[in-house]
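Reading through the structure tokens given below for one structure.
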Amino acid sequence: MFPQEFLERMKQMLGTEYHEFAAALEQEPAQALRFNPLKRSRTDENIFPPFPQALQETAAPFGSLSRVPWASDGYYYSSSDHPGKHPLHEAGLYYIQEPSAMAPAELLEARPGHRVLDLCAAPGGKSTQLAVKLQGEGILFCNEIHPARARILSENIERMGVCNALVTNETPERLASRFPEYFDRILVDAPCSGEGMFRKNPDACQEWSPENVELCAKRQDGILDRAAEMLRPGGRMVYSTCTFAPAENEGTIARFLERHEEFILLPIKKTLFSPADCDGVPAWGNGLPQLKYTLRLWPHRLRGEGHFAALLQKTEKAPKADPSCGKGSRRDGSPLCGISEKELTPLWDFCKETLRLSGPALPPSLCGAVGLKQESIFLPFGDNVYLCPASFPSLKGLKVLRPGLHLGELKKNRFEPSHGLALALSPRAVLRVRDLPCDSGQTAAYLRGQTFPAEGDKGWHLICADGFGLGWGKLAGGIMKNHYPKGLRIT
């Protein structure tokens with residue numbers, strides 16, 4: 001199953017450990033997920049106990065759970081469990097993610113208020129993990145160069161209820177020219193030869209070759225150079241791969257440090273990975289002793305796939321001016337960014353009819369309802385309206401898929417809320433909530449796009465599964481019309 005040249009190289013790398021490594025590749029990979037505290041913070045804490053207890057007391061799609069030691073919200077689940085395509089998954093309560101892949105975002109130590117770039121972000125696991133660290137404060141800039149993967153990234157940002165993220169489909173070169181020394185934290189989860197995923201993804205074995213390893217290493221050099229240009233002095237960057245190849249790991253970092261004297265390698269705290277030996281190997285780079293600071297995760301030493309990470313810091317260089325966001329303003333001085341008060345009237349009417357507003361002004365009321373903890377602006381994209389941090393940079397000329405939280409579409413004399421708004425809202429902020437048991441036939445019917453009979457006030461209702469928002473329904477004439485997106489319906 002595995003390429004012979006790959007196996008021969010691993011024998012040379014691991015020596016007497018090779019047979020243990022080879023045996024691990026024949027075993028079933030560990031299964032894991034991360035709970036989403038962004039959703040937890042938007043529920044009634046008197047009703048819902050902390051994760052994961054909250055889900056185990058519902059019709060959750062898993063039995064016993066055990067902690068992933070290096071990820072604050074990560075848990076292993078049994079291979080007999082099937083958490084995908086479940087109401088709680090569709091509500092964004094958790095993200096299914098390989099356990100070793102949870103390490104890089106933790107190492108970045110992003111904090112509320114930071115400007116964070118996930119440069120190679122699809123499908124979104126690490127981006128949504130970083131969003132939790134920001135807690136609705138600061139900017140999360142999620143980029144993916146491949147259009148189809150960028151769309152998947154955008155969908156996962158929406159599903160997890162992230163409100164302060166910008167999703168772009170750009171090259172590292174384009175971004176570097178626009179955002180010199182702009183970011184506090186950068187994650188470069190670089191495209192690689194994928195050797196660490198061989199037992200999870202047999203297709204990766206078919207695509208492997210020594211030539212592809214070298215091609216990936218050259219590509220990683222270019223990506224890291226562009227990322228270095230975008231990091232502010234004093235900022236930190238994590239480089240990671242899911243491969244064992246020295247040329248793409250210690251080799252890439254060694255070459256980077258030779259080109260960039262303004263960067264240093266920082267030691268990674270490895271106590272959470274103990275007792276496994278997970279140090280980098282200086283001899284696999286250029287012999288620089290500090291390469292031992294890097295992190296290597298091996299499938300025969302812990303419950304996870306092959307992964308590599310390095311923590312870098314930029315030093316001693318004067319920052320340049322930040323890009324700024326041009327924005328219009330209302331008469332009272334609050335930002336509107338290119339959309340008139342009159343145009344926003346249908347949105348304001350919807351909010352008064354559907355939401356429990358926390359104040360007389362629209363932007364702060366919406367921010368509180370969706371967990372956005374900073375000054376915000378309305379951003380029009382055609383007939384669609386987005387809510388985004390006022391500190392967002394100028395987006396002119398960029399390929400943007402999601403400029404913040406999609407609120408909905410302005411139609412003639414009315415506003416139609418987006419699915420993303422339903423997933424971001426706290427149910428406590430909605431006047432009409434229809435809460436369905438996760439394991440009920442009515443919930444399954446809703447996810448299939450079916451209408452159902454219902455009583456109550458006409459208008460928009462937030463449809464929930466065990467207290468967590470799934471999407472919108474609109475009640476009229478005793479029938480709840482289904483507004484769950486067609487592309488997401490479970491057949």
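Going by the structure tokens order, chains are called A, B, ..., each with residues numbered from 1, while ligands are numbered from 1 in the order shown.
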
Contacts of Pro485 of chain A at 10 Å or less, counting only C-alpha atoms, minus same-chain residues fewer than 4 places along, as a short mmCIF file (atom, residue, chain, number, x, y, z; two decimals) with N, CA and C atoms, in the first residue's frame?
```
data_model
loop_
_atom_site.label_atom_id
_atom_site.label_comp_id
_atom_site.auth_asym_id
_atom_site.auth_seq_id
_atom_site.Cartn_x
_atom_site.Cartn_y
_atom_site.Cartn_z
N SER A 418 -30.03 35.51 6.56
CA SER A 418 -29.18 34.45 6.04
C SER A 418 -29.13 33.26 6.99
N HIS A 419 -28.69 32.13 6.45
CA HIS A 419 -28.45 30.95 7.27
C HIS A 419 -27.33 31.23 8.27
N LEU A 447 -34.18 19.16 8.52
CA LEU A 447 -32.88 19.08 7.84
C LEU A 447 -33.01 18.54 6.42
N ARG A 448 -34.13 17.89 6.14
CA ARG A 448 -34.39 17.44 4.76
C ARG A 448 -35.07 18.52 3.93
N GLY A 449 -35.42 19.65 4.57
CA GLY A 449 -36.06 20.74 3.85
C GLY A 449 -37.56 20.72 3.86
N GLY A 471 -31.30 26.88 11.89
CA GLY A 471 -31.65 27.65 10.71
C GLY A 471 -32.98 28.35 10.93
N TRP A 472 -33.50 28.93 9.85
CA TRP A 472 -34.73 29.71 9.94
C TRP A 472 -35.95 28.92 9.45
N ARG A 489 -29.14 20.39 2.74
CA ARG A 489 -30.17 19.45 3.19
C ARG A 489 -29.67 18.01 3.16
#
```

**Request:** With a distance cut-off of 8 Å and only C-alpha atoms, select the neighbouring residues of Ala424 of chain A, excluding the residue or stretch itself and same-chain residues fewer than 2 positions from it, and output the selection as a PyMOL selection string.
**Result:** chain A and resi 39+158+160-163+370-371+420-422+426+469

Take the residues from that selection and put them in a file with C-alpha atoms, as a compact mmCIF listing (two decimals), in the first residue's frame.
```txt
# COMPACT_ATOMS: atom_id res chain seq x y z
CA LYS A 39 -21.92 28.25 20.56
CA GLU A 158 -20.45 29.99 8.75
CA MET A 160 -19.30 27.38 13.45
CA GLY A 161 -20.89 30.81 13.97
CA VAL A 162 -17.69 32.84 13.49
CA CYS A 163 -18.58 36.54 13.25
CA VAL A 370 -23.90 37.28 17.74
CA GLY A 371 -20.95 37.60 20.13
CA GLY A 420 -25.21 32.33 8.72
CA LEU A 421 -27.15 34.73 10.94
CA ALA A 422 -29.23 31.86 12.32
CA SER A 426 -27.85 33.38 20.55
CA GLY A 469 -29.71 27.20 16.32
```

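Near segment 172-175 of chain A, within 8 Å and counting only C-alpha atoms, sit Leu119, Arg178, Phe179, Ile223, Arg226 and Ala227 of chain A, not including residues fewer than 3 positions from it in the same chain.
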
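Among the candidates A:Arg199, A:Asn286, A:Asp466, A:Lys481, the one nearest to Asp439 of chain A when counting only C-alpha atoms is A:Asp466.
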
**Asked** Which of these residues is nearest to Thr168 of chain A, using only C-alpha atoms: A:Gly306, A:Pro147, A:Gly368, A:Gly251?
**Response**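 Smallest distance to Thr168 of chain A is found for A:Pro147.
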
**Request:** Please provide as a PyMOL selection string all residues within 10 Å of Met102 of chain A, with the sequence filter that same-chain residues fewer than 5 positions apart are discarded (counting only C-alpha atoms).
**Result:** chain A and resi 32-34+68+70-74+97+107+125-126+129+304+307
